[in-house]
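Printed here is upload-v7.cif (mmCIF, C-alpha atoms and all ligand atoms):
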```
data_structure
#
loop_
_atom_site.group_PDB
_atom_site.id
_atom_site.type_symbol
_atom_site.label_atom_id
_atom_site.label_comp_id
_atom_site.auth_asym_id
_atom_site.auth_seq_id
_atom_site.Cartn_x
_atom_site.Cartn_y
_atom_site.Cartn_z
ATOM 1 C CA MET Z 1 84.834 128.488 109.302
ATOM 2 C CA HIS Z 2 81.077 128.409 108.702
ATOM 3 C CA THR Z 3 81.145 130.204 105.374
ATOM 4 C CA VAL Z 4 83.325 132.642 103.470
ATOM 5 C CA ASP Z 5 82.843 136.091 102.017
ATOM 6 C CA PRO Z 6 84.752 136.014 98.699
ATOM 7 C CA SER Z 7 85.118 139.799 98.732
ATOM 8 C CA VAL Z 8 87.622 139.566 101.614
ATOM 9 C CA LEU Z 9 89.855 137.164 99.654
ATOM 10 C CA ALA Z 10 92.683 138.424 97.487
ATOM 11 C CA PRO Z 11 91.649 139.025 93.871
ATOM 12 C CA GLY Z 12 93.514 137.204 91.129
ATOM 13 C CA GLU Z 13 94.093 134.197 93.392
ATOM 14 C CA SER Z 14 92.605 130.800 94.064
ATOM 15 C CA HIS Z 15 91.756 129.917 97.678
ATOM 16 C CA ALA Z 16 91.265 126.291 98.802
ATOM 17 C CA LEU Z 17 89.299 126.233 102.063
ATOM 18 C CA THR Z 18 87.776 123.657 104.366
ATOM 19 C CA LEU Z 19 84.484 124.826 105.830
ATOM 20 C CA ALA Z 20 82.977 123.521 109.046
ATOM 21 C CA PRO Z 21 79.345 124.636 108.996
ATOM 22 C CA ASP Z 22 77.366 124.356 112.211
ATOM 23 C CA LEU Z 23 74.840 121.680 111.215
ATOM 24 C CA GLY Z 24 74.555 119.879 114.526
ATOM 25 C CA THR Z 25 76.981 117.173 113.354
ATOM 26 C CA PRO Z 26 80.674 117.804 112.657
ATOM 27 C CA VAL Z 27 81.256 118.007 108.908
ATOM 28 C CA GLU Z 28 84.045 119.410 106.735
ATOM 29 C CA VAL Z 29 83.072 120.727 103.317
ATOM 30 C CA PRO Z 30 85.816 121.451 100.760
ATOM 31 C CA CYS Z 31 85.463 124.747 98.931
ATOM 32 C CA THR Z 32 87.585 126.537 96.364
ATOM 33 C CA VAL Z 33 87.074 130.219 95.649
ATOM 34 C CA VAL Z 34 88.634 131.288 92.356
ATOM 35 C CA ARG Z 35 88.623 135.057 92.561
ATOM 36 C CA GLY Z 36 89.425 136.659 89.240
ATOM 37 C CA GLY Z 37 91.396 139.852 88.986
ATOM 38 C CA ARG Z 38 88.535 141.586 87.159
ATOM 39 C CA GLU Z 39 84.993 142.369 88.346
ATOM 40 C CA GLY Z 40 82.204 140.076 87.242
ATOM 41 C CA PRO Z 41 79.472 137.735 88.404
ATOM 42 C CA THR Z 42 79.709 135.128 91.148
ATOM 43 C CA VAL Z 43 79.000 131.600 89.924
ATOM 44 C CA LEU Z 44 78.557 128.636 92.237
ATOM 45 C CA VAL Z 45 79.504 125.175 90.934
ATOM 46 C CA THR Z 46 78.445 122.256 93.128
ATOM 47 C CA ALA Z 47 78.804 118.481 92.879
ATOM 48 C CA GLY Z 48 78.416 115.550 95.208
ATOM 49 C CA VAL Z 49 74.924 116.404 96.430
ATOM 50 C CA HIS Z 50 74.611 112.690 95.676
ATOM 51 C CA GLY Z 51 77.802 111.184 97.061
ATOM 52 C CA ALA Z 52 78.439 108.425 94.513
ATOM 53 C CA GLU Z 53 78.034 110.443 91.294
ATOM 54 C CA TYR Z 54 81.761 110.396 90.713
ATOM 55 C CA ALA Z 55 82.147 111.923 87.240
ATOM 56 C CA SER Z 56 80.493 115.100 88.504
ATOM 57 C CA ILE Z 57 82.706 115.242 91.604
ATOM 58 C CA GLU Z 58 85.871 114.664 89.577
ATOM 59 C CA ALA Z 59 84.756 117.317 87.075
ATOM 60 C CA ALA Z 60 84.169 119.857 89.853
ATOM 61 C CA THR Z 61 87.647 119.271 91.291
ATOM 62 C CA ARG Z 62 89.038 120.108 87.836
ATOM 63 C CA VAL Z 63 86.883 123.227 87.542
ATOM 64 C CA ALA Z 64 88.297 124.319 90.924
ATOM 65 C CA ARG Z 65 91.720 124.490 89.228
ATOM 66 C CA LEU Z 66 90.627 127.275 86.855
ATOM 67 C CA ASP Z 67 93.384 129.840 86.384
ATOM 68 C CA PRO Z 68 92.226 132.991 88.278
ATOM 69 C CA ALA Z 69 93.969 135.119 85.631
ATOM 70 C CA THR Z 70 91.335 133.929 83.117
ATOM 71 C CA VAL Z 71 88.351 134.624 85.408
ATOM 72 C CA ARG Z 72 86.125 137.698 85.457
ATOM 73 C CA GLY Z 73 84.239 137.697 88.760
ATOM 74 C CA THR Z 74 84.321 134.743 91.138
ATOM 75 C CA VAL Z 75 83.837 131.015 90.693
ATOM 76 C CA ILE Z 76 83.055 129.136 93.902
ATOM 77 C CA VAL Z 77 83.327 125.345 93.721
ATOM 78 C CA LEU Z 78 81.919 122.919 96.292
ATOM 79 C CA PRO Z 79 83.016 119.604 94.729
ATOM 80 C CA VAL Z 80 81.768 117.383 97.572
ATOM 81 C CA ALA Z 81 78.678 119.164 98.846
ATOM 82 C CA ASN Z 82 77.477 116.195 100.913
ATOM 83 C CA PRO Z 83 80.608 114.660 102.516
ATOM 84 C CA PRO Z 84 78.838 112.070 104.719
ATOM 85 C CA ALA Z 85 77.161 110.606 101.617
ATOM 86 C CA PHE Z 86 80.468 110.622 99.701
ATOM 87 C CA PHE Z 87 82.463 108.778 102.359
ATOM 88 C CA ALA Z 88 79.647 106.288 102.986
ATOM 89 C CA ARG Z 89 79.372 105.682 99.197
ATOM 90 C CA SER Z 90 75.691 106.184 99.807
ATOM 91 C CA ILE Z 91 73.131 105.810 97.039
ATOM 92 C CA TYR Z 92 70.483 108.557 96.791
ATOM 93 C CA VAL Z 93 70.337 109.462 100.484
ATOM 94 C CA ASN Z 94 72.385 111.009 103.232
ATOM 95 C CA PRO Z 95 73.449 108.244 105.657
ATOM 96 C CA LEU Z 96 72.857 110.413 108.735
ATOM 97 C CA ASP Z 97 69.110 110.790 108.255
ATOM 98 C CA GLY Z 98 68.186 108.673 105.241
ATOM 99 C CA LYS Z 99 66.996 111.725 103.297
ATOM 100 C CA ASN Z 100 67.716 112.589 99.684
ATOM 101 C CA LEU Z 101 69.440 116.000 99.877
ATOM 102 C CA ASN Z 102 68.108 116.918 96.447
ATOM 103 C CA ARG Z 103 64.522 116.559 97.634
ATOM 104 C CA VAL Z 104 64.656 118.822 100.713
ATOM 105 C CA PHE Z 105 65.722 122.221 99.307
ATOM 106 C CA PRO Z 106 65.502 125.000 100.425
ATOM 107 C CA GLY Z 107 65.939 123.073 103.656
ATOM 108 C CA SER Z 108 65.334 123.983 107.276
ATOM 109 C CA ALA Z 109 67.670 125.443 109.934
ATOM 110 C CA GLY Z 110 66.153 123.230 112.631
ATOM 111 C CA GLY Z 111 65.606 120.076 110.574
ATOM 112 C CA THR Z 112 67.493 116.829 110.161
ATOM 113 C CA PHE Z 113 71.068 116.820 108.849
ATOM 114 C CA ALA Z 114 70.140 116.865 105.145
ATOM 115 C CA GLU Z 115 67.597 119.638 105.755
ATOM 116 C CA ARG Z 116 70.169 121.722 107.641
ATOM 117 C CA LEU Z 117 72.758 121.112 104.911
ATOM 118 C CA ALA Z 118 70.225 122.195 102.277
ATOM 119 C CA PHE Z 119 69.430 125.327 104.296
ATOM 120 C CA TRP Z 120 73.127 126.186 104.577
ATOM 121 C CA LEU Z 121 73.740 125.603 100.856
ATOM 122 C CA THR Z 122 70.720 127.719 100.005
ATOM 123 C CA HIS Z 123 71.286 130.727 102.215
ATOM 124 C CA GLU Z 124 75.082 130.881 102.481
ATOM 125 C CA TRP Z 125 75.800 129.934 98.895
ATOM 126 C CA PHE Z 126 73.443 129.981 95.993
ATOM 127 C CA ALA Z 127 71.136 132.713 97.292
ATOM 128 C CA ARG Z 128 74.225 134.972 97.098
ATOM 129 C CA ALA Z 129 75.347 133.774 93.662
ATOM 130 C CA ASP Z 130 74.455 135.074 90.218
ATOM 131 C CA ALA Z 131 74.136 131.552 88.802
ATOM 132 C CA LEU Z 132 74.246 127.940 89.986
ATOM 133 C CA ILE Z 133 75.656 124.965 88.103
ATOM 134 C CA ASP Z 134 74.839 121.733 89.961
ATOM 135 C CA LEU Z 135 76.673 118.670 88.614
ATOM 136 C CA HIS Z 136 75.157 115.206 88.923
ATOM 137 C CA GLY Z 137 75.109 111.847 87.155
ATOM 138 C CA GLY Z 138 73.521 108.455 87.416
ATOM 139 C CA ASP Z 139 73.923 107.089 90.932
ATOM 140 C CA MET Z 140 75.916 103.919 91.749
ATOM 141 C CA ILE Z 141 73.102 101.712 90.373
ATOM 142 C CA GLU Z 142 72.018 103.830 87.396
ATOM 143 C CA SER Z 143 73.117 103.979 83.773
ATOM 144 C CA LEU Z 144 72.468 107.388 82.259
ATOM 145 C CA THR Z 145 72.716 109.379 79.053
ATOM 146 C CA PRO Z 146 73.955 112.971 79.451
ATOM 147 C CA PHE Z 147 71.179 115.509 79.953
ATOM 148 C CA SER Z 148 70.398 118.656 81.867
ATOM 149 C CA ILE Z 149 67.354 119.835 83.802
ATOM 150 C CA VAL Z 150 66.082 123.358 84.392
ATOM 151 C CA ALA Z 151 62.961 124.874 85.936
ATOM 152 C CA ALA Z 152 60.246 124.887 83.287
ATOM 153 C CA GLY Z 153 59.879 128.197 81.486
ATOM 154 C CA HIS Z 154 62.759 129.972 83.266
ATOM 155 C CA ALA Z 155 64.448 131.675 80.320
ATOM 156 C CA PRO Z 156 67.845 132.520 81.939
ATOM 157 C CA SER Z 157 68.180 128.918 83.134
ATOM 158 C CA LEU Z 158 67.223 127.576 79.706
ATOM 159 C CA ALA Z 159 69.888 129.783 78.139
ATOM 160 C CA LEU Z 160 72.435 128.537 80.698
ATOM 161 C CA ALA Z 161 71.587 124.900 79.900
ATOM 162 C CA GLU Z 162 71.741 125.575 76.157
ATOM 163 C CA ALA Z 163 75.214 127.017 76.689
ATOM 164 C CA PHE Z 164 76.281 124.047 78.844
ATOM 165 C CA GLY Z 165 75.436 122.053 75.740
ATOM 166 C CA LEU Z 166 74.469 118.546 76.908
ATOM 167 C CA PRO Z 167 72.517 116.878 74.093
ATOM 168 C CA LEU Z 168 69.179 116.536 75.932
ATOM 169 C CA LEU Z 169 67.398 119.135 78.067
ATOM 170 C CA VAL Z 170 64.397 118.537 80.324
ATOM 171 C CA GLU Z 171 62.193 121.313 81.647
ATOM 172 C CA SER Z 172 60.785 120.150 84.942
ATOM 173 C CA GLY Z 173 59.120 121.135 88.218
ATOM 174 C CA GLY Z 174 61.757 119.633 90.484
ATOM 175 C CA ARG Z 175 60.131 120.233 93.874
ATOM 176 C CA GLY Z 176 62.757 120.136 96.647
ATOM 177 C CA MET Z 177 65.615 120.093 94.169
ATOM 178 C CA LYS Z 178 68.495 122.518 94.339
ATOM 179 C CA TYR Z 179 68.110 123.991 90.856
ATOM 180 C CA ALA Z 180 64.403 124.646 91.512
ATOM 181 C CA ALA Z 181 65.077 126.319 94.877
ATOM 182 C CA ALA Z 182 67.699 128.523 93.232
ATOM 183 C CA THR Z 183 65.336 129.525 90.461
ATOM 184 C CA GLU Z 184 62.675 130.437 93.017
ATOM 185 C CA LEU Z 185 65.214 132.844 94.527
ATOM 186 C CA GLY Z 186 65.770 134.328 91.071
ATOM 187 C CA VAL Z 187 69.134 132.631 90.511
ATOM 188 C CA PRO Z 188 69.507 130.987 87.084
ATOM 189 C CA ALA Z 189 70.358 127.330 87.614
ATOM 190 C CA VAL Z 190 71.074 124.180 85.670
ATOM 191 C CA LEU Z 191 71.400 120.588 86.867
ATOM 192 C CA ALA Z 192 73.794 118.760 84.511
ATOM 193 C CA GLU Z 193 74.078 114.961 84.530
ATOM 194 C CA ALA Z 194 76.669 112.627 82.995
ATOM 195 C CA SER Z 195 77.990 109.098 83.590
ATOM 196 C CA GLY Z 196 76.758 106.725 86.303
ATOM 197 C CA GLN Z 197 77.221 103.338 87.964
ATOM 198 C CA GLY Z 198 80.104 104.604 90.074
ATOM 199 C CA LEU Z 199 82.234 105.237 86.976
ATOM 200 C CA TRP Z 200 84.172 108.361 86.035
ATOM 201 C CA PRO Z 201 85.461 107.766 82.519
ATOM 202 C CA GLU Z 202 87.664 110.536 81.200
ATOM 203 C CA ALA Z 203 85.312 111.414 78.338
ATOM 204 C CA GLU Z 204 82.345 111.928 80.674
ATOM 205 C CA VAL Z 205 84.358 113.941 83.205
ATOM 206 C CA GLU Z 206 85.651 116.162 80.414
ATOM 207 C CA ARG Z 207 82.130 116.473 79.000
ATOM 208 C CA LEU Z 208 81.084 118.100 82.279
ATOM 209 C CA VAL Z 209 84.227 120.245 82.577
ATOM 210 C CA HIS Z 210 83.701 121.413 78.990
ATOM 211 C CA GLY Z 211 80.049 122.187 79.741
ATOM 212 C CA VAL Z 212 80.974 124.264 82.792
ATOM 213 C CA ARG Z 213 83.530 126.206 80.743
ATOM 214 C CA ARG Z 214 80.897 126.876 78.065
ATOM 215 C CA ALA Z 215 78.415 128.001 80.735
ATOM 216 C CA LEU Z 216 81.069 130.302 82.253
ATOM 217 C CA GLN Z 217 81.669 131.811 78.806
ATOM 218 C CA HIS Z 218 77.924 132.373 78.465
ATOM 219 C CA LEU Z 219 77.946 134.139 81.865
ATOM 220 C CA ASP Z 220 80.888 136.297 80.743
ATOM 221 C CA VAL Z 221 83.160 134.832 83.459
ATOM 222 C CA LEU Z 222 85.521 133.344 80.870
ATOM 223 C CA ASP Z 223 86.446 134.894 77.543
ATOM 224 C CA GLY Z 224 84.992 133.460 74.386
ATOM 225 C CA THR Z 225 81.614 132.444 73.063
ATOM 226 C CA PRO Z 226 80.434 128.837 73.239
ATOM 227 C CA GLU Z 227 79.935 127.252 69.826
ATOM 228 C CA PRO Z 228 76.236 126.450 69.335
ATOM 229 C CA ALA Z 229 75.653 122.827 70.391
ATOM 230 C CA PRO Z 230 72.675 120.744 69.284
ATOM 231 C CA VAL Z 231 70.404 120.523 72.332
ATOM 232 C CA ARG Z 232 67.126 118.614 72.033
ATOM 233 C CA ARG Z 233 64.453 119.838 74.430
ATOM 234 C CA LEU Z 234 62.217 117.251 76.091
ATOM 235 C CA ALA Z 235 58.795 118.224 77.384
ATOM 236 C CA THR Z 236 58.189 115.287 79.716
ATOM 237 C CA PHE Z 237 60.254 113.191 82.117
ATOM 238 C CA ALA Z 238 58.314 110.117 83.249
ATOM 239 C CA TRP Z 239 59.670 108.184 86.241
ATOM 240 C CA LEU Z 240 58.588 104.551 86.559
ATOM 241 C CA ARG Z 241 58.836 103.147 90.073
ATOM 242 C CA ALA Z 242 58.701 99.675 91.593
ATOM 243 C CA GLU Z 243 55.333 98.810 93.090
ATOM 244 C CA GLU Z 244 56.795 95.773 94.875
ATOM 245 C CA ARG Z 245 60.203 94.777 96.208
ATOM 246 C CA GLY Z 246 62.113 91.950 94.573
ATOM 247 C CA LEU Z 247 64.417 91.288 91.608
ATOM 248 C CA TRP Z 248 64.615 93.850 88.792
ATOM 249 C CA ARG Z 249 65.882 92.789 85.391
ATOM 250 C CA PRO Z 250 65.970 95.825 83.106
ATOM 251 C CA SER Z 251 66.117 95.358 79.337
ATOM 252 C CA VAL Z 252 67.091 98.957 78.532
ATOM 253 C CA SER Z 253 69.963 101.247 79.502
ATOM 254 C CA GLY Z 254 70.487 105.007 79.564
ATOM 255 C CA GLY Z 255 70.370 106.407 76.023
ATOM 256 C CA ASP Z 256 68.147 103.695 74.505
ATOM 257 C CA GLY Z 257 65.139 104.765 72.454
ATOM 258 C CA VAL Z 258 61.844 103.121 73.471
ATOM 259 C CA ARG Z 259 58.371 102.835 71.962
ATOM 260 C CA GLU Z 260 55.101 103.080 73.888
ATOM 261 C CA GLY Z 261 54.177 99.615 75.198
ATOM 262 C CA GLN Z 262 57.698 98.199 74.794
ATOM 263 C CA GLU Z 263 58.828 95.966 77.663
ATOM 264 C CA ILE Z 264 61.652 97.723 79.494
ATOM 265 C CA GLY Z 265 62.183 95.292 82.349
ATOM 266 C CA VAL Z 266 60.724 92.540 84.482
ATOM 267 C CA LEU Z 267 60.104 92.629 88.231
ATOM 268 C CA SER Z 268 60.115 89.234 89.988
ATOM 269 C CA ASP Z 269 59.784 88.035 93.547
ATOM 270 C CA LEU Z 270 62.776 86.450 95.248
ATOM 271 C CA HIS Z 271 61.754 83.022 93.880
ATOM 272 C CA GLY Z 272 61.995 84.407 90.347
ATOM 273 C CA THR Z 273 58.234 84.395 89.768
ATOM 274 C CA VAL Z 274 57.317 87.306 87.500
ATOM 275 C CA LEU Z 275 55.304 89.948 89.333
ATOM 276 C CA ARG Z 276 55.157 92.560 86.595
ATOM 277 C CA ARG Z 277 56.398 93.245 83.108
ATOM 278 C CA VAL Z 278 57.142 96.971 83.032
ATOM 279 C CA VAL Z 279 56.396 98.728 79.729
ATOM 280 C CA ALA Z 280 57.237 102.181 78.427
ATOM 281 C CA PRO Z 281 54.291 104.556 78.904
ATOM 282 C CA GLN Z 282 55.319 106.644 75.908
ATOM 283 C CA ASP Z 283 57.769 106.849 73.042
ATOM 284 C CA GLY Z 284 60.991 108.468 74.161
ATOM 285 C CA VAL Z 285 64.587 108.116 75.270
ATOM 286 C CA VAL Z 286 65.761 106.383 78.438
ATOM 287 C CA LEU Z 287 67.468 109.139 80.428
ATOM 288 C CA PHE Z 288 68.398 106.785 83.275
ATOM 289 C CA ALA Z 289 67.838 103.117 84.052
ATOM 290 C CA VAL Z 290 68.367 101.417 87.399
ATOM 291 C CA GLU Z 291 70.616 98.395 86.820
ATOM 292 C CA SER Z 292 70.399 96.939 90.331
ATOM 293 C CA LEU Z 293 68.944 93.444 90.723
ATOM 294 C CA ALA Z 294 67.753 94.362 94.214
ATOM 295 C CA ILE Z 295 64.726 96.640 94.165
ATOM 296 C CA THR Z 296 62.606 97.985 97.015
ATOM 297 C CA GLU Z 297 59.046 99.205 96.793
ATOM 298 C CA GLY Z 298 58.990 102.819 95.622
ATOM 299 C CA ASP Z 299 62.462 102.722 94.059
ATOM 300 C CA PRO Z 300 62.885 104.401 90.667
ATOM 301 C CA LEU Z 301 63.306 101.920 87.785
ATOM 302 C CA VAL Z 302 63.588 103.956 84.598
ATOM 303 C CA GLY Z 303 63.238 107.614 83.637
ATOM 304 C CA ILE Z 304 61.989 108.321 80.115
ATOM 305 C CA GLY Z 305 62.159 111.698 78.439
ATOM 306 C CA ALA Z 306 59.915 112.569 75.515
HETATM 307 ZN ZN ZN Y 401 72.321 113.284 91.557
#
```

Can you turn what I pasted into structure tokens?
Amino acid sequence: MHTVDPSVLAPGESHALTLAPDLGTPVEVPCTVVRGGREGPTVLVTAGVHGAEYASIEAATRVARLDPATVRGTVIVLPVANPPAFFARSIYVNPLDGKNLNRVFPGSAGGTFAERLAFWLTHEWFARADALIDLHGGDMIESLTPFSIVAAGHAPSLALAEAFGLPLLVESGGRGMKYAAATELGVPAVLAEASGQGLWPEAEVERLVHGVRRALQHLDVLDGTPEPAPVRRLATFAWLRAEERGLWRPSVSGGDGVREGQEIGVLSDLHGTVLRRVVAPQDGVVLFAVESLAITEGDPLVGIGA
């Protein structure tokens, strides 16, 4: 099955499906459609765009177990949106073409695997949804403090992120990213991040599940009103990248506060000779920090929100 039309599925039931989209390479994508017994919006919840962000994937599998009797409208969950990356335990990129899926949206029908997957996700899924919740986290080599990202100035997406309730919120451009492509199609979207380093601690998984439930309340899919949560908005999100390959020894982790000019890590060559002392370009909070000793030219090192 290439895709599914939720309207043909029985209302008041949950349907676990395995999709086999025609992307030029055989791939099976798990999908759960939770069709409520009452009319309402269609909300798409995705995870696993990055295959090793495990807290988000685990959270999505729990969201897929929503009781249809509590749902107004339809909740569609794709908990492992990029199966080749998941099974390869791949960091950042899809193993079939070396591309970062969350940099190629809205994708291309005749492109490489990641571009075709992006095209399918765009046109078969979130273009037909009323809202998109895309779950992420720090990748296998990244520590991270929970935050969300929305397209700058898009009021319905900002409201969705405020409802999700992660403590920090970045407004960004996000070219090629799923939330940005959704917003361009007029679909409110939030990218929510928690945990990292290949870990899925219960508290972080439940943080994401709780956030999705709050967002679904905001969208009137679930009963109730989310309690106001303190959300601090950040205007900038600076990414520092490695200018050379070598050894990276960070001195900060996700969640640390930094001051402008503070050393946040040292890049050395493979003999241990210091190439560069990396300093914070601004005061702010470390949203993610790469904790891998091995670093290649162009790799992200630290992301600082301010
Ligand atoms: Zn991610």

Can you list what the PyMOL selection byres (((chain Z and resi 247-252) around 9) and not hetatm) grabs from this structure, as a PyMOL selection string? chain Z and resi 242+245-246+253-258+263-272+278+286+289-296+301-302

What do you get, as a PyMOL selection string, if you spell out every residue that the PyMOL selection byres (((chain Z and resi 206) around 12) and not hetatm) selects here? chain Z and resi 55-63+166+194-195+200-205+207-214

Picked residues, the PyMOL selection byres (((not hetatm)) within 7 of (chain Y and resi 401)), expected as number ranges by chain: Z: 49-50, 53, 136-139

Hey, could you make a per-residue contact list for stretch 77-170 of chain Z against stretch 14-29 of chain Z with 8 Å as the cut-off, showing the nearest pair of atoms and its distance in Å to one decimal, counting all atoms listed in the file, sorted by chain and number, as CSV?
```
residue,atom,partner,partner_atom,distance
Z:Leu78,CA,Z:Val29,CA,7.4
Z:Val80,CA,Z:Val29,CA,6.8
Z:Ala81,CA,Z:Val29,CA,6.5
Z:Asn82,CA,Z:Val29,CA,7.6
Z:Pro83,CA,Z:Val29,CA,6.6
Z:Pro84,CA,Z:Val27,CA,7.7
Z:Phe113,CA,Z:Leu23,CA,6.6
Z:Arg116,CA,Z:Leu23,CA,5.9
Z:Leu117,CA,Z:Leu23,CA,6.7
Z:Trp120,CA,Z:Pro21,CA,7.8
```

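Taking atom CA of Z:Glu260 as the reference point, atom CA of Z:Ser143 is found at 20.6 Å.
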
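Interatomic distance, atom CA of Z:Thr70 against atom CA of Z:Gly12: 8.9 Å.
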
Restricting the calculation to only C-alpha atoms, which member of Z:Phe237, Z:Tyr54, Z:Phe164, Z:Phe119 is positioned closest to Z:Gln197?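 Ranking Z:Phe237, Z:Tyr54, Z:Phe164, Z:Phe119 by distance to Z:Gln197, first place goes to Z:Tyr54.
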
Test item: residues at most 8 Å from Z:Asp134, all atoms listed in the file, excluding those fewer than 3 positions along its chain, as a PDB file with C-alpha atoms, in the frame of the given file:
```
ATOM      1  CA  VAL Z  45      79.504 125.175  90.934  1.00  0.00           C
ATOM      2  CA  THR Z  46      78.445 122.256  93.128  1.00  0.00           C
ATOM      3  CA  ALA Z  47      78.804 118.481  92.879  1.00  0.00           C
ATOM      4  CA  LYS Z 178      68.495 122.518  94.339  1.00  0.00           C
ATOM      5  CA  TYR Z 179      68.110 123.991  90.856  1.00  0.00           C
ATOM      6  CA  ALA Z 189      70.358 127.330  87.614  1.00  0.00           C
ATOM      7  CA  VAL Z 190      71.074 124.180  85.670  1.00  0.00           C
ATOM      8  CA  LEU Z 191      71.400 120.588  86.867  1.00  0.00           C
ATOM      9  CA  ALA Z 192      73.794 118.760  84.511  1.00  0.00           C
TER      10      ALA Z 192
END
```

Just how far from atom CA of Z:Thr145 is atom CA of Z:Asp283, in Å to one decimal?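 For atom CA of Z:Asp283 relative to atom CA of Z:Thr145, the distance reads 16.3 Å.
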
Determine, counting all atoms listed in the file, which protein, DNA and RNA residues have an atom within 8 Å of an atom of Z:Ile304; residues of the same chain fewer than 2 positions away are not included. Present the result as a PyMOL selection string. chain Z and resi 236-239+280+284-288+302+306

Could you please give me, as a PDB file with C-alpha atoms, in the frame of the given file, the residues of protein, DNA or RNA lying at most 7 Å from (68.3, 115.6, 104.7) in the coordinate frame of the file, considering only C-alpha atoms?
```pdb
ATOM      1  CA  ASN Z  94      72.385 111.009 103.232  1.00  0.00           C
ATOM      2  CA  ASP Z  97      69.110 110.790 108.255  1.00  0.00           C
ATOM      3  CA  GLY Z  98      68.186 108.673 105.241  1.00  0.00           C
ATOM      4  CA  LYS Z  99      66.996 111.725 103.297  1.00  0.00           C
ATOM      5  CA  ASN Z 100      67.716 112.589  99.684  1.00  0.00           C
ATOM      6  CA  LEU Z 101      69.440 116.000  99.877  1.00  0.00           C
ATOM      7  CA  VAL Z 104      64.656 118.822 100.713  1.00  0.00           C
ATOM      8  CA  THR Z 112      67.493 116.829 110.161  1.00  0.00           C
ATOM      9  CA  PHE Z 113      71.068 116.820 108.849  1.00  0.00           C
ATOM     10  CA  ALA Z 114      70.140 116.865 105.145  1.00  0.00           C
ATOM     11  CA  GLU Z 115      67.597 119.638 105.755  1.00  0.00           C
TER      12      GLU Z 115
END
```

Enumerate, as JSON, numbers by chain, the protein, DNA and RNA residues whose atoms approach (83.3, 127.2, 91.1) to within 9 Å, taking into account all atoms listed in the file and the coordinate frame of the file. {"Z": [31, 32, 33, 34, 42, 43, 44, 45, 46, 60, 63, 64, 66, 74, 75, 76, 77, 78, 79, 133]}
